[in-house]
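Visitor: Dropping in my_file-v7.pdb, with PDB, C-alpha atoms.
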MODEL        1
ATOM      1  CA  ALA A   1     -31.524  45.187-170.041  1.00  0.00           C
ATOM      2  CA  GLN A   2     -29.768  48.524-170.191  1.00  0.00           C
ATOM      3  CA  SER A   3     -31.164  51.951-169.458  1.00  0.00           C
ATOM      4  CA  VAL A   4     -30.073  55.572-169.338  1.00  0.00           C
ATOM      5  CA  THR A   5     -31.412  58.404-167.222  1.00  0.00           C
ATOM      6  CA  GLN A   6     -30.585  61.976-168.040  1.00  0.00           C
ATOM      7  CA  LEU A   7     -31.266  64.251-165.123  1.00  0.00           C
ATOM      8  CA  GLY A   8     -32.828  67.497-166.257  1.00  0.00           C
ATOM      9  CA  SER A   9     -34.691  67.724-169.535  1.00  0.00           C
ATOM     10  CA  HIS A  10     -33.682  71.383-169.845  1.00  0.00           C
ATOM     11  CA  VAL A  11     -30.457  73.081-168.743  1.00  0.00           C
ATOM     12  CA  SER A  12     -29.847  76.800-169.150  1.00  0.00           C
ATOM     13  CA  VAL A  13     -26.451  78.479-168.774  1.00  0.00           C
ATOM     14  CA  SER A  14     -24.896  81.811-169.578  1.00  0.00           C
ATOM     15  CA  GLU A  15     -22.293  82.116-172.291  1.00  0.00           C
ATOM     16  CA  GLY A  16     -18.890  81.429-170.750  1.00  0.00           C
ATOM     17  CA  ALA A  17     -20.311  79.414-167.851  1.00  0.00           C
ATOM     18  CA  LEU A  18     -19.656  75.768-167.046  1.00  0.00           C
ATOM     19  CA  VAL A  19     -21.855  73.240-168.808  1.00  0.00           C
ATOM     20  CA  LEU A  20     -22.787  70.104-166.848  1.00  0.00           C
ATOM     21  CA  LEU A  21     -25.200  67.555-168.319  1.00  0.00           C
ATOM     22  CA  ARG A  22     -25.923  64.550-166.164  1.00  0.00           C
ATOM     23  CA  CYS A  23     -26.229  60.941-167.262  1.00  0.00           C
ATOM     24  CA  ASN A  24     -26.667  57.799-165.181  1.00  0.00           C
ATOM     25  CA  TYR A  25     -26.822  54.366-166.692  1.00  0.00           C
ATOM     26  CA  SER A  26     -27.793  50.845-165.757  1.00  0.00           C
ATOM     27  CA  SER A  27     -26.015  47.890-167.278  1.00  0.00           C
ATOM     28  CA  SER A  28     -25.321  44.328-166.160  1.00  0.00           C
ATOM     29  CA  VAL A  29     -22.178  44.198-168.288  1.00  0.00           C
ATOM     30  CA  PRO A  30     -19.293  46.619-168.757  1.00  0.00           C
ATOM     31  CA  PRO A  31     -20.889  49.441-170.711  1.00  0.00           C
ATOM     32  CA  TYR A  32     -19.834  51.393-173.694  1.00  0.00           C
ATOM     33  CA  LEU A  33     -21.038  54.960-173.224  1.00  0.00           C
ATOM     34  CA  PHE A  34     -21.668  57.717-175.725  1.00  0.00           C
ATOM     35  CA  TRP A  35     -22.750  61.327-175.913  1.00  0.00           C
ATOM     36  CA  TYR A  36     -24.424  62.604-179.061  1.00  0.00           C
ATOM     37  CA  VAL A  37     -25.596  66.106-179.961  1.00  0.00           C
ATOM     38  CA  GLN A  38     -28.604  66.885-182.134  1.00  0.00           C
ATOM     39  CA  TYR A  39     -29.324  70.223-183.739  1.00  0.00           C
ATOM     40  CA  PRO A  40     -32.897  71.016-184.842  1.00  0.00           C
ATOM     41  CA  ASN A  41     -34.157  68.823-187.667  1.00  0.00           C
ATOM     42  CA  GLN A  42     -30.828  67.063-187.979  1.00  0.00           C
ATOM     43  CA  GLY A  43     -29.405  63.659-187.156  1.00  0.00           C
ATOM     44  CA  LEU A  44     -27.137  62.876-184.242  1.00  0.00           C
ATOM     45  CA  GLN A  45     -23.464  63.785-184.146  1.00  0.00           C
ATOM     46  CA  LEU A  46     -21.055  61.857-181.950  1.00  0.00           C
ATOM     47  CA  LEU A  47     -19.393  64.037-179.309  1.00  0.00           C
ATOM     48  CA  LEU A  48     -17.380  61.413-177.470  1.00  0.00           C
ATOM     49  CA  LYS A  49     -17.339  57.804-176.324  1.00  0.00           C
ATOM     50  CA  TYR A  50     -16.008  55.649-173.526  1.00  0.00           C
ATOM     51  CA  THR A  51     -15.035  52.048-174.140  1.00  0.00           C
ATOM     52  CA  THR A  52     -12.245  50.932-171.850  1.00  0.00           C
ATOM     53  CA  GLY A  53      -9.131  52.473-170.366  1.00  0.00           C
ATOM     54  CA  ALA A  54      -8.920  56.102-169.356  1.00  0.00           C
ATOM     55  CA  THR A  55     -12.082  57.147-167.586  1.00  0.00           C
ATOM     56  CA  LEU A  56     -11.852  60.791-168.628  1.00  0.00           C
ATOM     57  CA  VAL A  57     -12.583  61.079-172.310  1.00  0.00           C
ATOM     58  CA  LYS A  58     -12.282  64.157-174.449  1.00  0.00           C
ATOM     59  CA  GLY A  59     -14.475  64.867-177.402  1.00  0.00           C
ATOM     60  CA  ILE A  60     -15.119  67.462-180.022  1.00  0.00           C
ATOM     61  CA  ASN A  61     -15.920  71.128-179.410  1.00  0.00           C
ATOM     62  CA  GLY A  62     -14.228  71.161-175.998  1.00  0.00           C
ATOM     63  CA  PHE A  63     -16.550  68.626-174.340  1.00  0.00           C
ATOM     64  CA  GLU A  64     -15.384  65.894-172.031  1.00  0.00           C
ATOM     65  CA  ALA A  65     -16.986  63.226-169.881  1.00  0.00           C
ATOM     66  CA  GLU A  66     -15.862  61.065-166.994  1.00  0.00           C
ATOM     67  CA  PHE A  67     -16.889  57.447-166.508  1.00  0.00           C
ATOM     68  CA  LYS A  68     -17.490  56.718-162.823  1.00  0.00           C
ATOM     69  CA  LYS A  69     -18.316  53.075-162.349  1.00  0.00           C
ATOM     70  CA  SER A  70     -19.064  53.392-158.627  1.00  0.00           C
ATOM     71  CA  GLU A  71     -21.657  56.066-159.367  1.00  0.00           C
ATOM     72  CA  THR A  72     -22.834  54.525-162.672  1.00  0.00           C
ATOM     73  CA  SER A  73     -22.465  57.972-164.175  1.00  0.00           C
ATOM     74  CA  PHE A  74     -21.098  59.525-167.338  1.00  0.00           C
ATOM     75  CA  HIS A  75     -21.657  63.252-166.989  1.00  0.00           C
ATOM     76  CA  LEU A  76     -20.790  65.628-169.834  1.00  0.00           C
ATOM     77  CA  THR A  77     -18.958  68.880-169.131  1.00  0.00           C
ATOM     78  CA  LYS A  78     -17.539  71.867-170.929  1.00  0.00           C
ATOM     79  CA  PRO A  79     -15.655  74.605-169.054  1.00  0.00           C
ATOM     80  CA  SER A  80     -17.039  77.527-171.018  1.00  0.00           C
ATOM     81  CA  ALA A  81     -20.328  77.509-172.924  1.00  0.00           C
ATOM     82  CA  HIS A  82     -20.631  79.036-176.356  1.00  0.00           C
ATOM     83  CA  MET A  83     -23.810  80.125-178.077  1.00  0.00           C
ATOM     84  CA  SER A  84     -23.244  77.445-180.709  1.00  0.00           C
ATOM     85  CA  ASP A  85     -23.517  74.743-178.017  1.00  0.00           C
ATOM     86  CA  ALA A  86     -27.265  75.257-177.822  1.00  0.00           C
ATOM     87  CA  ALA A  87     -28.746  71.925-178.916  1.00  0.00           C
ATOM     88  CA  GLU A  88     -30.174  68.694-177.537  1.00  0.00           C
ATOM     89  CA  TYR A  89     -27.765  66.205-176.016  1.00  0.00           C
ATOM     90  CA  PHE A  90     -28.285  62.471-175.712  1.00  0.00           C
ATOM     91  CA  CYS A  91     -26.444  59.967-173.568  1.00  0.00           C
ATOM     92  CA  ALA A  92     -26.460  56.363-174.799  1.00  0.00           C
ATOM     93  CA  VAL A  93     -25.222  52.962-173.659  1.00  0.00           C
ATOM     94  CA  SER A  94     -24.435  49.667-175.360  1.00  0.00           C
ATOM     95  CA  GLY A  95     -22.615  46.489-174.435  1.00  0.00           C
ATOM     96  CA  GLY A  96     -22.899  42.779-173.756  1.00  0.00           C
ATOM     97  CA  THR A  97     -25.693  41.108-175.666  1.00  0.00           C
ATOM     98  CA  SER A  98     -26.841  44.595-176.627  1.00  0.00           C
ATOM     99  CA  TYR A  99     -23.512  45.207-178.276  1.00  0.00           C
ATOM    100  CA  GLY A 100     -24.046  47.682-181.052  1.00  0.00           C
ATOM    101  CA  LYS A 101     -27.637  48.515-180.273  1.00  0.00           C
ATOM    102  CA  LEU A 102     -27.767  51.882-178.532  1.00  0.00           C
ATOM    103  CA  THR A 103     -30.148  52.634-175.694  1.00  0.00           C
ATOM    104  CA  PHE A 104     -30.650  56.378-175.379  1.00  0.00           C
ATOM    105  CA  GLY A 105     -31.713  58.659-172.603  1.00  0.00           C
ATOM    106  CA  GLN A 106     -34.538  61.096-173.152  1.00  0.00           C
ATOM    107  CA  GLY A 107     -32.248  63.976-173.936  1.00  0.00           C
ATOM    108  CA  THR A 108     -31.311  67.303-172.367  1.00  0.00           C
ATOM    109  CA  ILE A 109     -31.964  70.561-174.169  1.00  0.00           C
ATOM    110  CA  LEU A 110     -29.156  73.021-173.528  1.00  0.00           C
ATOM    111  CA  THR A 111     -29.945  76.718-173.805  1.00  0.00           C
ATOM    112  CA  VAL A 112     -27.116  79.262-173.780  1.00  0.00           C
ATOM    113  CA  HIS A 113     -27.916  82.857-172.861  1.00  0.00           C
ATOM    114  CA  PRO A 114     -25.730  85.772-173.967  1.00  0.00           C
TER     115      PRO A 114
ATOM    116  CA  ASP B   1     -16.610  59.835-197.509  1.00  0.00           C
ATOM    117  CA  THR B   2     -19.936  61.636-197.683  1.00  0.00           C
ATOM    118  CA  GLY B   3     -21.525  60.282-194.526  1.00  0.00           C
ATOM    119  CA  VAL B   4     -24.857  58.546-194.077  1.00  0.00           C
ATOM    120  CA  SER B   5     -27.589  59.847-196.354  1.00  0.00           C
ATOM    121  CA  GLN B   6     -31.335  59.370-196.110  1.00  0.00           C
ATOM    122  CA  ASP B   7     -34.084  59.972-198.606  1.00  0.00           C
ATOM    123  CA  PRO B   8     -36.539  61.611-198.465  1.00  0.00           C
ATOM    124  CA  ARG B   9     -35.846  64.112-195.691  1.00  0.00           C
ATOM    125  CA  HIS B  10     -39.547  64.759-195.201  1.00  0.00           C
ATOM    126  CA  LYS B  11     -42.614  62.712-196.049  1.00  0.00           C
ATOM    127  CA  ILE B  12     -46.239  63.644-195.536  1.00  0.00           C
ATOM    128  CA  THR B  13     -48.771  60.924-196.156  1.00  0.00           C
ATOM    129  CA  LYS B  14     -52.357  60.096-195.433  1.00  0.00           C
ATOM    130  CA  ARG B  15     -53.339  57.409-192.980  1.00  0.00           C
ATOM    131  CA  GLY B  16     -53.490  54.021-194.628  1.00  0.00           C
ATOM    132  CA  GLN B  17     -50.903  54.743-197.292  1.00  0.00           C
ATOM    133  CA  ASN B  18     -47.611  52.880-197.633  1.00  0.00           C
ATOM    134  CA  VAL B  19     -44.290  54.690-197.406  1.00  0.00           C
ATOM    135  CA  THR B  20     -40.703  53.657-198.069  1.00  0.00           C
ATOM    136  CA  PHE B  21     -37.523  55.293-196.839  1.00  0.00           C
ATOM    137  CA  ARG B  22     -34.008  54.764-198.085  1.00  0.00           C
ATOM    138  CA  CYS B  23     -30.698  54.872-196.235  1.00  0.00           C
ATOM    139  CA  ASP B  24     -27.250  54.889-197.822  1.00  0.00           C
ATOM    140  CA  PRO B  25     -24.561  54.113-195.239  1.00  0.00           C
ATOM    141  CA  ILE B  26     -20.952  55.192-195.181  1.00  0.00           C
ATOM    142  CA  SER B  27     -19.199  53.094-197.796  1.00  0.00           C
ATOM    143  CA  GLU B  28     -17.621  49.907-196.441  1.00  0.00           C
ATOM    144  CA  HIS B  29     -19.640  50.073-193.230  1.00  0.00           C
ATOM    145  CA  ASN B  30     -21.035  46.601-192.694  1.00  0.00           C
ATOM    146  CA  ARG B  31     -23.629  47.406-190.026  1.00  0.00           C
ATOM    147  CA  LEU B  32     -26.723  49.459-190.595  1.00  0.00           C
ATOM    148  CA  TYR B  33     -29.238  50.470-187.934  1.00  0.00           C
ATOM    149  CA  TRP B  34     -32.720  51.975-187.952  1.00  0.00           C
ATOM    150  CA  TYR B  35     -34.072  54.016-185.040  1.00  0.00           C
ATOM    151  CA  ARG B  36     -37.283  55.936-184.486  1.00  0.00           C
ATOM    152  CA  GLN B  37     -37.438  59.202-182.582  1.00  0.00           C
ATOM    153  CA  THR B  38     -40.674  60.821-181.459  1.00  0.00           C
ATOM    154  CA  LEU B  39     -40.959  64.395-180.268  1.00  0.00           C
ATOM    155  CA  GLY B  40     -39.216  64.985-176.968  1.00  0.00           C
ATOM    156  CA  GLN B  41     -37.772  61.487-176.762  1.00  0.00           C
ATOM    157  CA  GLY B  42     -34.476  59.834-177.449  1.00  0.00           C
ATOM    158  CA  PRO B  43     -34.122  57.519-180.439  1.00  0.00           C
ATOM    159  CA  GLU B  44     -35.450  53.995-180.017  1.00  0.00           C
ATOM    160  CA  PHE B  45     -33.860  51.016-181.708  1.00  0.00           C
ATOM    161  CA  LEU B  46     -35.907  49.325-184.447  1.00  0.00           C
ATOM    162  CA  THR B  47     -33.631  46.891-186.255  1.00  0.00           C
ATOM    163  CA  TYR B  48     -30.144  46.340-187.568  1.00  0.00           C
ATOM    164  CA  PHE B  49     -28.301  44.530-190.333  1.00  0.00           C
ATOM    165  CA  GLN B  50     -24.851  43.124-190.612  1.00  0.00           C
ATOM    166  CA  ASN B  51     -24.142  43.026-194.310  1.00  0.00           C
ATOM    167  CA  GLU B  52     -27.427  41.769-195.798  1.00  0.00           C
ATOM    168  CA  ALA B  53     -28.548  39.779-192.752  1.00  0.00           C
ATOM    169  CA  GLN B  54     -31.137  41.292-190.440  1.00  0.00           C
ATOM    170  CA  LEU B  55     -29.862  40.254-187.020  1.00  0.00           C
ATOM    171  CA  GLU B  56     -32.285  41.828-184.589  1.00  0.00           C
ATOM    172  CA  LYS B  57     -35.710  43.434-184.597  1.00  0.00           C
ATOM    173  CA  SER B  58     -37.310  45.367-181.777  1.00  0.00           C
ATOM    174  CA  ARG B  59     -40.798  44.619-180.557  1.00  0.00           C
ATOM    175  CA  LEU B  60     -41.511  48.166-181.700  1.00  0.00           C
ATOM    176  CA  LEU B  61     -41.253  46.882-185.248  1.00  0.00           C
ATOM    177  CA  SER B  62     -44.806  45.692-185.875  1.00  0.00           C
ATOM    178  CA  ASP B  63     -45.862  43.529-188.803  1.00  0.00           C
ATOM    179  CA  ARG B  64     -46.558  46.688-190.780  1.00  0.00           C
ATOM    180  CA  PHE B  65     -42.865  47.523-190.770  1.00  0.00           C
ATOM    181  CA  SER B  66     -40.324  45.774-192.952  1.00  0.00           C
ATOM    182  CA  ALA B  67     -36.688  46.515-193.599  1.00  0.00           C
ATOM    183  CA  GLU B  68     -34.310  45.174-196.182  1.00  0.00           C
ATOM    184  CA  ARG B  69     -30.689  45.482-197.116  1.00  0.00           C
ATOM    185  CA  PRO B  70     -30.562  43.353-200.232  1.00  0.00           C
ATOM    186  CA  LYS B  71     -26.937  43.671-201.259  1.00  0.00           C
ATOM    187  CA  GLY B  72     -25.431  44.700-197.994  1.00  0.00           C
ATOM    188  CA  SER B  73     -25.219  48.323-199.062  1.00  0.00           C
ATOM    189  CA  PHE B  74     -28.269  50.610-198.918  1.00  0.00           C
ATOM    190  CA  SER B  75     -31.333  49.757-196.880  1.00  0.00           C
ATOM    191  CA  THR B  76     -35.043  50.454-197.154  1.00  0.00           C
ATOM    192  CA  LEU B  77     -37.636  50.733-194.415  1.00  0.00           C
ATOM    193  CA  GLU B  78     -41.239  50.304-195.490  1.00  0.00           C
ATOM    194  CA  ILE B  79     -44.300  51.076-193.417  1.00  0.00           C
ATOM    195  CA  GLN B  80     -47.565  49.655-194.677  1.00  0.00           C
ATOM    196  CA  ARG B  81     -51.009  51.054-193.834  1.00  0.00           C
ATOM    197  CA  THR B  82     -49.545  54.008-191.969  1.00  0.00           C
ATOM    198  CA  GLU B  83     -51.168  55.200-188.755  1.00  0.00           C
ATOM    199  CA  GLN B  84     -50.960  58.582-187.074  1.00  0.00           C
ATOM    200  CA  GLY B  85     -48.831  57.004-184.360  1.00  0.00           C
ATOM    201  CA  ASP B  86     -46.158  56.300-186.964  1.00  0.00           C
ATOM    202  CA  SER B  87     -45.415  60.018-187.206  1.00  0.00           C
ATOM    203  CA  ALA B  88     -41.793  60.366-186.102  1.00  0.00           C
ATOM    204  CA  MET B  89     -38.244  60.948-187.251  1.00  0.00           C
ATOM    205  CA  TYR B  90     -36.704  57.776-188.673  1.00  0.00           C
ATOM    206  CA  LEU B  91     -32.957  57.712-188.239  1.00  0.00           C
ATOM    207  CA  CYS B  92     -30.444  55.488-189.945  1.00  0.00           C
ATOM    208  CA  ALA B  93     -26.926  54.848-188.672  1.00  0.00           C
ATOM    209  CA  SER B  94     -23.999  52.823-189.929  1.00  0.00           C
ATOM    210  CA  SER B  95     -20.851  51.405-188.392  1.00  0.00           C
ATOM    211  CA  LEU B  96     -17.873  49.253-189.132  1.00  0.00           C
ATOM    212  CA  VAL B  97     -17.653  46.305-186.812  1.00  0.00           C
ATOM    213  CA  ALA B  98     -14.092  45.907-185.763  1.00  0.00           C
ATOM    214  CA  THR B  99     -12.305  45.408-182.490  1.00  0.00           C
ATOM    215  CA  ASP B 100     -13.709  48.477-180.815  1.00  0.00           C
ATOM    216  CA  THR B 101     -17.111  49.800-180.112  1.00  0.00           C
ATOM    217  CA  ASP B 102     -19.086  49.617-183.310  1.00  0.00           C
ATOM    218  CA  THR B 103     -19.408  53.405-183.200  1.00  0.00           C
ATOM    219  CA  GLN B 104     -22.490  54.504-185.065  1.00  0.00           C
ATOM    220  CA  TYR B 105     -22.688  57.463-187.398  1.00  0.00           C
ATOM    221  CA  PHE B 106     -26.137  58.858-188.031  1.00  0.00           C
ATOM    222  CA  GLY B 107     -27.832  60.253-191.086  1.00  0.00           C
ATOM    223  CA  PRO B 108     -30.009  63.380-191.074  1.00  0.00           C
ATOM    224  CA  GLY B 109     -33.220  61.400-190.683  1.00  0.00           C
ATOM    225  CA  THR B 110     -36.543  61.190-192.497  1.00  0.00           C
ATOM    226  CA  ARG B 111     -39.391  63.018-190.816  1.00  0.00           C
ATOM    227  CA  LEU B 112     -42.699  61.262-191.391  1.00  0.00           C
ATOM    228  CA  THR B 113     -46.022  63.000-190.840  1.00  0.00           C
ATOM    229  CA  VAL B 114     -49.164  60.896-191.109  1.00  0.00           C
ATOM    230  CA  LEU B 115     -52.340  62.930-191.524  1.00  0.00           C
TER     231      LEU B 115
ENDMDL
END
Take the structure in the file and give it back as structure tokens.
Guide:
Amino acid sequence: AQSVTQLGSHVSVSEGALVLLRCNYSSSVPPYLFWYVQYPNQGLQLLLKYTTGATLVKGINGFEAEFKKSETSFHLTKPSAHMSDAAEYFCAVSGGTSYGKLTFGQGTILTVHP
Amino acid sequence: DTGVSQDPRHKITKRGQNVTFRCDPISEHNRLYWYRQTLGQGPEFLTYFQNEAQLEKSRLLSDRFSAERPKGSFSTLEIQRTEQGDSAMYLCASSLVATDTDTQYFGPGTRLTVL
């Protein structure tokens, strides 16, 4: 079975500050890892994904994430927060016999203060 | 390409009634997924189709739930004899199975409220 733990259900930063959202996963097979963003009353939008190859992946809106196998982590970062980044962020994993089916973390709500 | 669409966006029903939701995937996407998301939680997998075949169902999908994808295009999710615990956002996603990751693209969701 696969699982995802997102550390911190709420993260608050000032505009222009570094954004760091933490994600740890558990998987018995090489994982595929994803970050999605959800704005209120909307569906999920893909930010970025890791499959194989380069462990630092870049996504939309200036976000990036680094796959660290030894730490079973896939933390999401952005150097400078913008007010429009305020949303809920979900980390997800798939792979192996669960190929395709996504297992999500519980989400992290990001608040950006002016 | 207009993305994944879902209808209706909101549904309010009384306990015991049946409801049906529709999902139209991105054209030519051969996989279609249903997830359920309750307040403060991440989405949970319900079921998925490859073309018209339903390949996997979660234990979350009780006998009151049924999903179809009759022609391998749109899909419907029906809930019979709704209960208050069925209140949630129902999300649909589609993907094109190829050599990479089966990346899923989500629709806006249908929010169900059972009174």
Visitor: Chain A residues within 10 Å of chain B, counting only C-alpha atoms: which ones, as an MDAnalysis selection string?
Guide: chainID A and resid 9 32:34 36 38 41:46 49:52 88:92 94:95 99:109
Visitor: Using only C-alpha atoms, please write the residues we just selected to a file, as a PDB file, keeping the file's coordinate frame.
Guide:
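Resulting contents of part_19.pdb:
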ATOM      1  CA  SER A   9     -34.691  67.724-169.535  1.00  0.00           C
ATOM      2  CA  TYR A  32     -19.834  51.393-173.694  1.00  0.00           C
ATOM      3  CA  LEU A  33     -21.038  54.960-173.224  1.00  0.00           C
ATOM      4  CA  PHE A  34     -21.668  57.717-175.725  1.00  0.00           C
ATOM      5  CA  TYR A  36     -24.424  62.604-179.061  1.00  0.00           C
ATOM      6  CA  GLN A  38     -28.604  66.885-182.134  1.00  0.00           C
ATOM      7  CA  ASN A  41     -34.157  68.823-187.667  1.00  0.00           C
ATOM      8  CA  GLN A  42     -30.828  67.063-187.979  1.00  0.00           C
ATOM      9  CA  GLY A  43     -29.405  63.659-187.156  1.00  0.00           C
ATOM     10  CA  LEU A  44     -27.137  62.876-184.242  1.00  0.00           C
ATOM     11  CA  GLN A  45     -23.464  63.785-184.146  1.00  0.00           C
ATOM     12  CA  LEU A  46     -21.055  61.857-181.950  1.00  0.00           C
ATOM     13  CA  LYS A  49     -17.339  57.804-176.324  1.00  0.00           C
ATOM     14  CA  TYR A  50     -16.008  55.649-173.526  1.00  0.00           C
ATOM     15  CA  THR A  51     -15.035  52.048-174.140  1.00  0.00           C
ATOM     16  CA  THR A  52     -12.245  50.932-171.850  1.00  0.00           C
ATOM     17  CA  GLU A  88     -30.174  68.694-177.537  1.00  0.00           C
ATOM     18  CA  TYR A  89     -27.765  66.205-176.016  1.00  0.00           C
ATOM     19  CA  PHE A  90     -28.285  62.471-175.712  1.00  0.00           C
ATOM     20  CA  CYS A  91     -26.444  59.967-173.568  1.00  0.00           C
ATOM     21  CA  ALA A  92     -26.460  56.363-174.799  1.00  0.00           C
ATOM     22  CA  SER A  94     -24.435  49.667-175.360  1.00  0.00           C
ATOM     23  CA  GLY A  95     -22.615  46.489-174.435  1.00  0.00           C
ATOM     24  CA  TYR A  99     -23.512  45.207-178.276  1.00  0.00           C
ATOM     25  CA  GLY A 100     -24.046  47.682-181.052  1.00  0.00           C
ATOM     26  CA  LYS A 101     -27.637  48.515-180.273  1.00  0.00           C
ATOM     27  CA  LEU A 102     -27.767  51.882-178.532  1.00  0.00           C
ATOM     28  CA  THR A 103     -30.148  52.634-175.694  1.00  0.00           C
ATOM     29  CA  PHE A 104     -30.650  56.378-175.379  1.00  0.00           C
ATOM     30  CA  GLY A 105     -31.713  58.659-172.603  1.00  0.00           C
ATOM     31  CA  GLN A 106     -34.538  61.096-173.152  1.00  0.00           C
ATOM     32  CA  GLY A 107     -32.248  63.976-173.936  1.00  0.00           C
ATOM     33  CA  THR A 108     -31.311  67.303-172.367  1.00  0.00           C
ATOM     34  CA  ILE A 109     -31.964  70.561-174.169  1.00  0.00           C
TER      35      ILE A 109
END
Visitor: Set the distance at 9 Å and use only C-alpha atoms: which residues neighbour Gly59 (chain A) once local chain neighbours fewer than 4 positions away are removed? I'd like the list as a VMD selection string.
Guide: chain A and resid 46 to 49 63 to 65
Visitor: So that I can see what lies close to region 17-22 of chain A, please list as a PyMOL selection string the residues with an atom at most 7 Å from it, counting all atoms listed in the file and leaving out residues fewer than 3 positions away in the same chain.
Guide: chain A and resi 6-7+13-14+75-81
Visitor: Report the centre and edge lengths, in Å to one decimal, of an axis-aligned box enclosing every atom of region 101-106 of chain B listed in the file, padded by 3 Å on each side, as lines of an AutoDock Vina configuration file.
Guide:
center_x = -21.6
center_y = 54.2
center_z = -184.1
size_x = 15.0
size_y = 15.2
size_z = 13.9
Visitor: CA of Lys68 (chain A) and CA of Thr5 (chain A), how far apart in Å?
Guide: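 Distance reported for this atom pair: 14.7 Å.
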Visitor: By how many Å are CA of Thr20 (chain B) and CA of Gln37 (chain B) apart?
Guide: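 Interatomic distance here is 16.8 Å.
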Visitor: To one decimal place, how far is CA of Gln50 (chain B) from CA of Trp35 (chain A) in Å?
Guide: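 Computed distance, CA of Gln50 (chain B) to CA of Trp35 (chain A), equals 23.5 Å.
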Visitor: Which residues would end up in the selection if the PyMOL selection byres ((chain A and resi 83) around 8) were applied here, given that I need the answer as a ChimeraX atom specification?
Guide: /A:15,81-82,84-86,112-114
Visitor: Using the chain letters and numbers from the file, which residues does the PyMOL selection byres ((chain B and resi 3) around 7) grab, as a compact mmCIF listing (two decimals) with C-alpha atoms, keeping the file's coordinate frame?
Guide:
# COMPACT_ATOMS: atom_id res chain seq x y z
CA ASP B 1 -16.61 59.84 -197.51
CA THR B 2 -19.94 61.64 -197.68
CA VAL B 4 -24.86 58.55 -194.08
CA SER B 5 -27.59 59.85 -196.35
CA PRO B 25 -24.56 54.11 -195.24
CA ILE B 26 -20.95 55.19 -195.18
Visitor: Which residues match the PyMOL selection byres ((chain B and resi 63) around 12) in the file above, as a VMD selection string?
Guide: chain B and resid 57 to 62 64 to 67 78 to 82
Visitor: Counting only C-alpha atoms, I want the residues whose atoms come within 9 Å of (-27.6, 55.0, -166.9) in the file frame, returned as a PyMOL selection string.
Guide: chain A and resi 2-6+23-27+72-74+91-93+105
Visitor: Measuring atom to atom with all atoms listed in the file, identify which of B:Lys11, B:Gln6, B:Val114, B:Gly16 is nearest to Ser75 (chain B).
Guide: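 Checking each candidate against Ser75 (chain B), we get B:Gln6 as the closest.
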Visitor: N, CA, C and O atoms are needed for region 47-56 of chain A; please write them out as a PDB file, in the coordinates of the input.
Guide:
ATOM      1  N   LEU A  47     -20.276  63.116-180.025  1.00  0.00           N
ATOM      2  CA  LEU A  47     -19.393  64.037-179.309  1.00  0.00           C
ATOM      3  C   LEU A  47     -18.183  63.312-178.750  1.00  0.00           C
ATOM      4  O   LEU A  47     -17.054  63.774-178.872  1.00  0.00           O
ATOM      5  N   LEU A  48     -18.453  62.185-178.079  1.00  0.00           N
ATOM      6  CA  LEU A  48     -17.380  61.413-177.470  1.00  0.00           C
ATOM      7  C   LEU A  48     -17.907  60.047-177.064  1.00  0.00           C
ATOM      8  O   LEU A  48     -19.121  59.829-177.058  1.00  0.00           O
ATOM      9  N   LYS A  49     -16.954  59.149-176.726  1.00  0.00           N
ATOM     10  CA  LYS A  49     -17.339  57.804-176.324  1.00  0.00           C
ATOM     11  C   LYS A  49     -16.346  57.263-175.299  1.00  0.00           C
ATOM     12  O   LYS A  49     -15.162  57.649-175.290  1.00  0.00           O
ATOM     13  N   TYR A  50     -16.852  56.393-174.448  1.00  0.00           N
ATOM     14  CA  TYR A  50     -16.008  55.649-173.526  1.00  0.00           C
ATOM     15  C   TYR A  50     -16.155  54.166-173.834  1.00  0.00           C
ATOM     16  O   TYR A  50     -17.268  53.649-173.925  1.00  0.00           O
ATOM     17  N   THR A  51     -15.005  53.493-173.953  1.00  0.00           N
ATOM     18  CA  THR A  51     -15.035  52.048-174.140  1.00  0.00           C
ATOM     19  C   THR A  51     -14.332  51.383-172.976  1.00  0.00           C
ATOM     20  O   THR A  51     -14.961  50.821-172.088  1.00  0.00           O
ATOM     21  N   THR A  52     -13.035  51.437-172.967  1.00  0.00           N
ATOM     22  CA  THR A  52     -12.245  50.932-171.850  1.00  0.00           C
ATOM     23  C   THR A  52     -11.080  51.888-171.649  1.00  0.00           C
ATOM     24  O   THR A  52     -10.854  52.788-172.441  1.00  0.00           O
ATOM     25  N   GLY A  53     -10.322  51.664-170.575  1.00  0.00           N
ATOM     26  CA  GLY A  53      -9.131  52.473-170.366  1.00  0.00           C
ATOM     27  C   GLY A  53      -9.429  53.759-169.619  1.00  0.00           C
ATOM     28  O   GLY A  53     -10.190  53.766-168.647  1.00  0.00           O
ATOM     29  N   ALA A  54      -8.828  54.818-170.045  1.00  0.00           N
ATOM     30  CA  ALA A  54      -8.920  56.102-169.356  1.00  0.00           C
ATOM     31  C   ALA A  54     -10.371  56.501-169.155  1.00  0.00           C
ATOM     32  O   ALA A  54     -11.178  56.494-170.092  1.00  0.00           O
ATOM     33  N   THR A  55     -10.692  56.863-167.912  1.00  0.00           N
ATOM     34  CA  THR A  55     -12.082  57.147-167.586  1.00  0.00           C
ATOM     35  C   THR A  55     -12.498  58.559-167.953  1.00  0.00           C
ATOM     36  O   THR A  55     -13.689  58.848-168.018  1.00  0.00           O
ATOM     37  N   LEU A  56     -11.534  59.435-168.174  1.00  0.00           N
ATOM     38  CA  LEU A  56     -11.852  60.791-168.628  1.00  0.00           C
ATOM     39  C   LEU A  56     -11.632  60.834-170.135  1.00  0.00           C
ATOM     40  O   LEU A  56     -10.513  60.632-170.605  1.00  0.00           O
TER      41      LEU A  56
END
